[in-house]
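Data from my_file.tsv: TSV, C-alpha atoms
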chain	number	residue	atom	x	y	z
A	4	MET	CA	3.14	-25.70	1.69
A	5	PRO	CA	1.83	-22.53	3.35
A	6	PRO	CA	2.27	-19.29	1.39
A	7	ARG	CA	5.52	-17.47	2.02
A	8	VAL	CA	4.96	-13.75	2.47
A	9	ARG	CA	7.84	-11.29	2.30
A	10	VAL	CA	7.32	-7.78	3.68
A	11	PHE	CA	9.43	-4.80	2.62
A	12	GLN	CA	9.31	-2.39	5.57
A	13	HIS	CA	10.72	1.15	5.50
A	14	VAL	CA	10.12	2.49	9.03
A	15	PRO	CA	9.34	0.75	12.34
A	16	HIS	CA	5.80	2.11	12.63
A	17	GLU	CA	4.55	1.00	9.18
A	18	GLY	CA	4.13	-2.76	9.33
A	19	LEU	CA	1.49	-5.18	8.12
A	20	GLY	CA	-1.25	-3.90	10.41
A	21	ALA	CA	-4.50	-5.74	9.69
A	22	MET	CA	-2.76	-7.88	7.08
A	23	GLU	CA	-0.93	-9.83	9.76
A	24	SER	CA	-4.10	-11.61	10.87
A	25	VAL	CA	-5.23	-12.02	7.26
A	26	PHE	CA	-2.06	-13.89	6.31
A	27	ALA	CA	-2.04	-15.88	9.54
A	28	GLY	CA	-5.48	-17.18	8.61
A	29	ALA	CA	-4.72	-17.92	4.97
A	30	GLY	CA	-4.82	-21.66	4.42
A	31	ALA	CA	-2.55	-23.35	6.96
A	32	GLY	CA	-1.13	-19.98	7.96
A	33	ALA	CA	1.38	-17.98	5.98
A	34	GLU	CA	5.08	-17.86	6.76
A	35	ILE	CA	5.85	-14.16	7.14
A	36	GLU	CA	9.37	-12.75	6.84
A	37	THR	CA	10.22	-9.06	6.94
A	38	THR	CA	13.06	-7.14	5.30
A	39	ARG	CA	13.68	-4.04	7.43
A	40	PHE	CA	15.55	-1.67	5.16
A	41	PHE	CA	15.78	0.93	7.95
A	42	GLU	CA	17.96	-1.55	9.86
A	43	GLY	CA	20.29	-2.15	6.92
A	44	GLU	CA	18.82	-5.49	5.83
A	45	LYS	CA	19.18	-6.55	2.20
A	46	PRO	CA	16.48	-7.81	-0.21
A	47	PRO	CA	15.97	-11.59	-0.13
A	48	ALA	CA	16.45	-14.10	-2.92
A	49	LEU	CA	13.61	-14.13	-5.42
A	50	ASP	CA	12.83	-17.79	-4.81
A	51	SER	CA	12.43	-17.29	-1.04
A	52	PHE	CA	8.87	-15.89	-1.18
A	53	ASP	CA	5.55	-16.24	-3.00
A	54	LEU	CA	3.87	-12.93	-2.20
A	55	LEU	CA	5.65	-9.60	-1.75
A	56	VAL	CA	4.04	-6.80	0.28
A	57	VAL	CA	5.70	-3.39	0.01
A	58	MET	CA	4.67	-1.07	2.84
A	59	GLY	CA	4.54	2.71	3.21
A	60	GLY	CA	6.97	5.23	4.64
A	61	PRO	CA	7.59	8.97	4.92
A	62	MET	CA	10.39	9.02	2.34
A	63	GLY	CA	9.84	9.44	-1.40
A	64	VAL	CA	10.88	7.12	-4.22
A	65	TYR	CA	13.34	9.84	-5.31
A	66	ASP	CA	15.15	10.02	-1.94
A	67	GLU	CA	17.93	7.63	-2.93
A	68	THR	CA	20.71	9.89	-1.68
A	69	GLU	CA	19.31	9.95	1.84
A	70	PHE	CA	18.10	6.34	1.70
A	71	PRO	CA	20.48	4.47	-0.65
A	72	TRP	CA	18.79	1.14	0.14
A	73	LEU	CA	15.95	2.32	-2.12
A	74	ILE	CA	18.15	1.42	-5.10
A	75	GLY	CA	18.43	-2.24	-4.12
A	76	GLU	CA	14.78	-2.37	-3.10
A	77	LYS	CA	13.68	-1.10	-6.52
A	78	ARG	CA	15.78	-3.76	-8.25
A	79	ALA	CA	14.28	-6.48	-6.06
A	80	LEU	CA	10.75	-5.20	-6.63
A	81	GLN	CA	11.25	-5.01	-10.38
A	82	SER	CA	12.61	-8.56	-10.41
A	83	ALA	CA	9.59	-9.82	-8.44
A	84	LEU	CA	7.17	-8.17	-10.86
A	85	LYS	CA	8.99	-9.50	-13.92
A	86	ALA	CA	9.06	-12.98	-12.38
A	87	GLY	CA	5.27	-12.95	-12.03
A	88	LYS	CA	5.20	-12.93	-8.23
A	89	SER	CA	2.08	-11.70	-6.47
A	90	VAL	CA	2.86	-8.15	-5.30
A	91	LEU	CA	0.87	-5.72	-3.16
A	92	GLY	CA	2.11	-2.15	-2.73
A	93	ILE	CA	0.68	0.21	-0.11
A	94	CYS	CA	1.24	4.01	-0.28
A	95	LEU	CA	5.03	4.34	-0.77
A	96	GLY	CA	4.91	0.72	-1.94
A	97	SER	CA	2.44	1.66	-4.68
A	98	GLN	CA	4.66	4.55	-5.74
A	99	LEU	CA	7.71	2.30	-5.92
A	100	MET	CA	5.72	-0.14	-8.06
A	101	ALA	CA	4.65	2.67	-10.39
A	102	GLU	CA	8.21	3.91	-10.83
A	103	VAL	CA	9.81	0.54	-11.57
A	104	LEU	CA	7.00	-0.14	-14.07
A	105	GLY	CA	7.78	3.05	-16.00
A	106	ALA	CA	5.52	5.74	-14.50
A	107	LYS	CA	6.50	9.00	-12.80
A	108	VAL	CA	6.04	9.77	-9.11
A	109	THR	CA	5.58	13.44	-8.25
A	110	LYS	CA	4.25	15.72	-5.54
A	111	ASN	CA	0.47	15.60	-5.35
A	112	GLY	CA	-1.49	18.83	-5.63
A	113	HIS	CA	-2.50	18.51	-1.99
A	114	ARG	CA	-1.36	16.54	1.01
A	115	GLU	CA	-4.06	13.96	1.77
A	116	ILE	CA	-4.35	12.85	5.40
A	117	GLY	CA	-7.35	11.26	7.09
A	118	TRP	CA	-10.51	9.46	6.06
A	119	TRP	CA	-11.59	10.55	2.57
A	120	PRO	CA	-14.00	9.02	0.02
A	121	VAL	CA	-12.58	6.92	-2.81
A	122	GLU	CA	-14.50	5.75	-5.87
A	123	LYS	CA	-13.89	3.25	-8.64
A	124	LEU	CA	-12.81	4.59	-12.00
A	125	PRO	CA	-14.69	3.83	-15.22
A	126	GLY	CA	-13.14	0.71	-16.71
A	127	ALA	CA	-11.80	-0.58	-13.39
A	128	HIS	CA	-14.14	-3.56	-13.64
A	129	VAL	CA	-11.84	-5.24	-16.18
A	130	SER	CA	-9.57	-6.11	-13.24
A	131	TRP	CA	-10.56	-8.59	-10.55
A	132	VAL	CA	-9.23	-6.15	-7.93
A	133	ALA	CA	-12.10	-3.72	-8.47
A	134	HIS	CA	-14.63	-6.41	-7.57
A	135	CYS	CA	-13.14	-6.62	-4.06
A	136	PHE	CA	-14.33	-3.07	-3.32
A	137	PRO	CA	-17.68	-1.25	-3.44
A	138	PRO	CA	-18.25	1.56	-5.98
A	139	ARG	CA	-17.54	4.22	-3.34
A	140	PHE	CA	-15.95	3.85	0.09
A	141	SER	CA	-14.10	5.69	2.83
A	142	ALA	CA	-10.36	5.01	3.02
A	143	PHE	CA	-7.50	6.20	5.20
A	144	HIS	CA	-4.84	8.34	3.53
A	145	TRP	CA	-1.48	9.73	4.56
A	146	HIS	CA	0.59	10.92	1.61
A	147	GLY	CA	1.97	13.93	-0.21
A	148	ASP	CA	3.17	12.25	-3.41
A	149	THR	CA	1.23	10.61	-6.22
A	150	PHE	CA	2.02	8.15	-9.00
A	151	GLY	CA	1.23	8.04	-12.69
A	152	ILE	CA	-0.37	4.92	-14.16
A	153	PRO	CA	2.26	2.57	-15.64
A	154	PRO	CA	1.97	1.40	-19.26
A	155	GLY	CA	-0.42	-1.53	-19.50
A	156	ALA	CA	-1.83	-1.08	-16.00
A	157	VAL	CA	-5.53	-0.71	-15.16
A	158	PRO	CA	-6.41	2.46	-13.17
A	159	LEU	CA	-8.68	1.47	-10.29
A	160	PHE	CA	-9.65	4.34	-7.99
A	161	ARG	CA	-9.64	8.10	-7.48
A	162	SER	CA	-10.46	10.63	-4.78
A	163	LYS	CA	-11.13	14.35	-4.94
A	164	GLY	CA	-7.71	15.02	-3.50
A	165	CYS	CA	-5.76	12.56	-5.68
A	166	ALA	CA	-6.59	11.38	-9.20
A	167	ASN	CA	-4.73	8.06	-8.96
A	168	GLN	CA	-5.54	5.93	-5.93
A	169	GLY	CA	-4.68	2.49	-7.27
A	170	PHE	CA	-3.84	0.30	-10.25
A	171	ALA	CA	-3.59	-3.33	-11.21
A	172	TRP	CA	-0.72	-4.54	-13.35
A	173	GLY	CA	-1.18	-7.93	-14.92
A	174	GLU	CA	-3.12	-10.48	-12.90
A	175	LYS	CA	-1.03	-10.55	-9.71
A	176	ALA	CA	0.21	-7.03	-8.95
A	177	VAL	CA	-1.89	-4.49	-7.03
A	178	ALA	CA	-0.96	-0.95	-6.00
A	179	LEU	CA	-3.06	1.01	-3.49
A	180	GLN	CA	-2.28	4.61	-2.56
A	181	PHE	CA	-4.51	4.48	0.51
A	182	HIS	CA	-4.06	2.42	3.69
A	183	PRO	CA	-6.63	-0.40	4.10
A	184	GLU	CA	-4.29	-2.07	6.60
A	185	ILE	CA	-4.66	0.76	9.12
A	186	THR	CA	-5.70	-0.09	12.69
A	187	PRO	CA	-6.69	2.30	15.50
A	188	GLU	CA	-3.37	1.62	17.21
A	189	ILE	CA	-1.36	2.43	14.07
A	190	ALA	CA	-3.39	5.57	13.44
A	191	ALA	CA	-2.65	6.76	16.97
A	192	THR	CA	1.08	6.18	16.43
A	193	TRP	CA	1.07	8.07	13.13
A	194	LEU	CA	-0.74	11.01	14.70
A	195	GLU	CA	2.13	11.19	17.15
A	196	THR	CA	5.07	10.55	14.81
A	197	GLY	CA	3.61	12.63	11.97
A	198	ALA	CA	2.12	15.49	13.97
A	199	SER	CA	4.18	18.05	12.03
A	200	GLU	CA	2.46	17.00	8.79
A	201	LEU	CA	-1.00	17.89	10.04
A	202	GLN	CA	-0.91	21.37	8.56
A	203	PRO	CA	-4.29	22.87	7.59
A	204	GLY	CA	-5.33	21.98	4.06
A	205	PRO	CA	-8.40	21.00	2.04
A	206	TYR	CA	-7.66	17.29	2.47
A	207	VAL	CA	-6.02	17.20	5.90
A	208	GLN	CA	-8.19	16.20	8.83
A	209	THR	CA	-7.64	16.96	12.50
A	210	PRO	CA	-6.77	14.20	15.00
A	211	GLU	CA	-10.34	14.45	16.30
A	212	GLN	CA	-11.72	13.74	12.81
A	213	ILE	CA	-9.33	10.85	12.27
A	214	GLN	CA	-9.94	8.99	15.52
A	215	GLY	CA	-12.85	6.60	15.95
A	216	ARG	CA	-14.34	5.30	12.67
A	217	ALA	CA	-14.79	1.70	13.84
A	218	GLU	CA	-17.05	0.83	10.88
A	219	ASP	CA	-14.50	2.13	8.38
A	220	TYR	CA	-11.73	0.02	9.89
A	221	GLU	CA	-13.89	-3.09	9.73
A	222	SER	CA	-14.96	-2.48	6.13
A	223	ASN	CA	-11.43	-1.78	4.89
A	224	HIS	CA	-10.08	-4.88	6.60
A	225	GLY	CA	-12.74	-6.97	4.86
A	226	TRP	CA	-11.85	-5.67	1.40
A	227	LEU	CA	-8.15	-6.07	2.13
A	228	LYS	CA	-8.72	-9.69	3.16
A	229	ASP	CA	-10.36	-10.40	-0.20
A	230	VAL	CA	-7.43	-8.86	-2.09
A	231	CYS	CA	-4.76	-10.70	-0.09
A	232	ARG	CA	-6.47	-14.07	-0.31
A	233	GLU	CA	-6.92	-13.70	-4.06
A	234	LEU	CA	-3.27	-12.77	-4.53
A	235	ILE	CA	-2.30	-15.90	-2.59
A	236	ARG	CA	-4.68	-18.03	-4.65
A	237	ARG	CA	-3.35	-16.63	-7.91
A	238	GLN	CA	0.18	-17.51	-6.86
A	239	GLY	CA	-0.97	-21.12	-6.52
A	240	CYS	CA	-0.34	-21.33	-2.78
A	241	THR	CA	-3.79	-22.61	-1.80

Starting from the file, give its structure as structure tokens.
Amino acid sequence: MPPRVRVFQHVPHEGLGAMESVFAGAGAGAEIETTRFFEGEKPPALDSFDLLVVMGGPMGVYDETEFPWLIGEKRALQSALKAGKSVLGICLGSQLMAEVLGAKVTKNGHREIGWWPVEKLPGAHVSWVAHCFPPRFSAFHWHGDTFGIPPGAVPLFRSKGCANQGFAWGEKAVALQFHPEITPEIAATWLETGASELQPGPYVQTPEQIQGRAEDYESNHGWLKDVCRELIRRQGCT
């Protein structure tokens, strides 16, 4: 059977991006289903998917009053992790993973937007995830919050603007604060929808600095492909 991928999506403009083609090319082609919380959809049954991908969004994990569906999403995410499902969290998704695994999510010291260098942390090599990335690379960021490292998790990456850029929990759960799924089209949309967030700061780039970067897109998509395919393999779908 092809792998069954479930996507938790929080806003219309933050979908799978480059991951869509990755999953379409995995084995016989993954079956992709999306839960759109912003449209009032409910989390699916645990046995209806093999790999869970939790996307980003402008809200925070603490915004349950404004976005009450976060409560049900957190329960579903926690159940998936406890059940040993393969899970990949991106940006807000990584923060949700951190919280349900027992870590705190807080405001970061600086808003981080644009292409900024990320490097592996000492000790990251004990996780297979670290071997999918080079020692230092350029990644796309768009966040104002940050997560702590959950108990038992392996810290993976850091940047000058944010101490925690990723972690691995167990053998099948990966959290990435940055956005390796970004495409030029998505970046253009975010520059439009998030224009008010582009306030001057030490780690906020201008639209001119963000646009272009063809080599960075290609590199990030390659590393992301390795992570996604390994998560599928570890779930026993290929």

Residue among A:Lys107, A:Pro61, A:Gly92, A:Pro71 lying closest to Trp145 of chain A, counting all atoms listed in the file: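 Ranked by minimum distance to Trp145 of chain A, first place goes to A:Pro61.
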
Of the listed residues A:Gly112, A:Pro138, A:Gly151, A:Pro187, that which approaches Leu124 of chain A most closely, counting all atoms listed in the file: A:Pro138

Between atom CA of Glu188 of chain A and atom CA of Gly28 of chain A, distance in Å (one decimal):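 So the answer is 20.8 Å.
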
Pairwise distance for atom CA of Val57 of chain A and atom CA of Lys123 of chain A, rounded to one decimal in Å: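 A separation of 22.4 Å between them.
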
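Residues in contact with segment 130-133 of chain A at up to 8 Å, not including ones fewer than 5 positions away on its chain and judged by only C-alpha atoms, are Lys123, Val157, Leu159, Ala171, Glu174, Val177 and Val230 of chain A.
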
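Of the residues listed (A:Leu80, A:Leu227, A:Val129, A:Gly60), A:Leu227 shows the shortest atom-to-atom separation from Ala142 of chain A; distances use all atoms listed in the file.
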
Would you mind putting all heavy atoms back on segment 183-194 of chain A and writing the result as a CSV table (one decimal), keeping the file's coordinate frame?
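This went into selection_26.csv:
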chain,number,residue,atom,x,y,z
A,183,PRO,N,-5.6,0.5,3.6
A,183,PRO,CA,-6.6,-0.4,4.1
A,183,PRO,C,-6.2,-1.2,5.3
A,183,PRO,O,-7.0,-1.8,6.0
A,183,PRO,CB,-7.0,-1.3,2.9
A,183,PRO,CG,-5.8,-1.3,2.1
A,183,PRO,CD,-5.2,0.0,2.2
A,184,GLU,N,-4.8,-1.3,5.5
A,184,GLU,CA,-4.3,-2.1,6.6
A,184,GLU,C,-4.3,-1.3,7.9
A,184,GLU,O,-4.0,-1.9,9.0
A,184,GLU,CB,-2.8,-2.5,6.3
A,184,GLU,CG,-1.8,-1.5,6.6
A,184,GLU,CD,-1.7,-0.2,5.7
A,184,GLU,OE1,-2.5,-0.1,4.8
A,184,GLU,OE2,-0.8,0.6,6.0
A,185,ILE,N,-4.7,-0.1,7.9
A,185,ILE,CA,-4.7,0.8,9.1
A,185,ILE,C,-5.5,0.2,10.3
A,185,ILE,O,-6.6,-0.4,10.1
A,185,ILE,CB,-5.1,2.2,8.8
A,185,ILE,CG1,-4.7,3.2,9.9
A,185,ILE,CG2,-6.6,2.3,8.5
A,185,ILE,CD1,-3.3,3.5,9.9
A,186,THR,N,-5.0,0.3,11.5
A,186,THR,CA,-5.7,-0.1,12.7
A,186,THR,C,-5.8,1.1,13.6
A,186,THR,O,-5.0,2.1,13.4
A,186,THR,CB,-5.0,-1.2,13.4
A,186,THR,OG1,-3.7,-0.8,13.9
A,186,THR,CG2,-4.8,-2.4,12.5
A,187,PRO,N,-6.7,1.2,14.6
A,187,PRO,CA,-6.7,2.3,15.5
A,187,PRO,C,-5.4,2.5,16.2
A,187,PRO,O,-5.0,3.7,16.4
A,187,PRO,CB,-7.8,1.9,16.5
A,187,PRO,CG,-8.7,1.0,15.7
A,187,PRO,CD,-7.8,0.2,14.8
A,188,GLU,N,-4.7,1.5,16.5
A,188,GLU,CA,-3.4,1.6,17.2
A,188,GLU,C,-2.3,2.3,16.3
A,188,GLU,O,-1.5,3.1,16.7
A,188,GLU,CB,-2.9,0.2,17.7
A,188,GLU,CG,-3.7,-0.4,18.7
A,188,GLU,CD,-5.0,-1.0,18.2
A,188,GLU,OE1,-5.1,-1.2,17.0
A,188,GLU,OE2,-5.9,-1.3,19.0
A,189,ILE,N,-2.3,1.8,15.0
A,189,ILE,CA,-1.4,2.4,14.1
A,189,ILE,C,-1.7,3.9,13.8
A,189,ILE,O,-0.8,4.7,13.8
A,189,ILE,CB,-1.4,1.6,12.7
A,189,ILE,CG1,-0.8,0.2,13.0
A,189,ILE,CG2,-0.6,2.4,11.7
A,189,ILE,CD1,-0.9,-0.7,11.8
A,190,ALA,N,-3.0,4.2,13.7
A,190,ALA,CA,-3.4,5.6,13.4
A,190,ALA,C,-2.9,6.5,14.6
A,190,ALA,O,-2.4,7.6,14.4
A,190,ALA,CB,-4.9,5.7,13.3
A,191,ALA,N,-3.1,6.0,15.8
A,191,ALA,CA,-2.6,6.8,17.0
A,191,ALA,C,-1.2,7.0,16.9
A,191,ALA,O,-0.7,8.1,17.3
A,191,ALA,CB,-3.0,6.0,18.3
A,192,THR,N,-0.4,6.0,16.5
A,192,THR,CA,1.1,6.2,16.4
A,192,THR,C,1.4,7.2,15.4
A,192,THR,O,2.3,8.1,15.6
A,192,THR,CB,1.7,4.8,16.1
A,192,THR,OG1,1.5,3.9,17.2
A,192,THR,CG2,3.2,5.0,15.9
A,193,TRP,N,0.8,7.1,14.2
A,193,TRP,CA,1.1,8.1,13.1
A,193,TRP,C,0.7,9.5,13.5
A,193,TRP,O,1.4,10.4,13.1
A,193,TRP,CB,0.3,7.7,11.9
A,193,TRP,CG,0.8,6.4,11.2
A,193,TRP,CD1,1.8,5.6,11.7
A,193,TRP,CD2,0.3,5.8,10.0
A,193,TRP,NE1,1.9,4.5,10.9
A,193,TRP,CE2,1.1,4.6,9.8
A,193,TRP,CE3,-0.6,6.2,9.1
A,193,TRP,CZ2,0.9,3.8,8.7
A,193,TRP,CZ3,-0.8,5.3,8.0
A,193,TRP,CH2,-0.1,4.2,7.8
A,194,LEU,N,-0.4,9.7,14.3
A,194,LEU,CA,-0.7,11.0,14.7
A,194,LEU,C,0.3,11.6,15.6
A,194,LEU,O,0.5,12.8,15.7
A,194,LEU,CB,-2.1,11.0,15.4
A,194,LEU,CG,-3.3,10.8,14.5
A,194,LEU,CD1,-4.6,10.5,15.4
A,194,LEU,CD2,-3.5,12.0,13.6
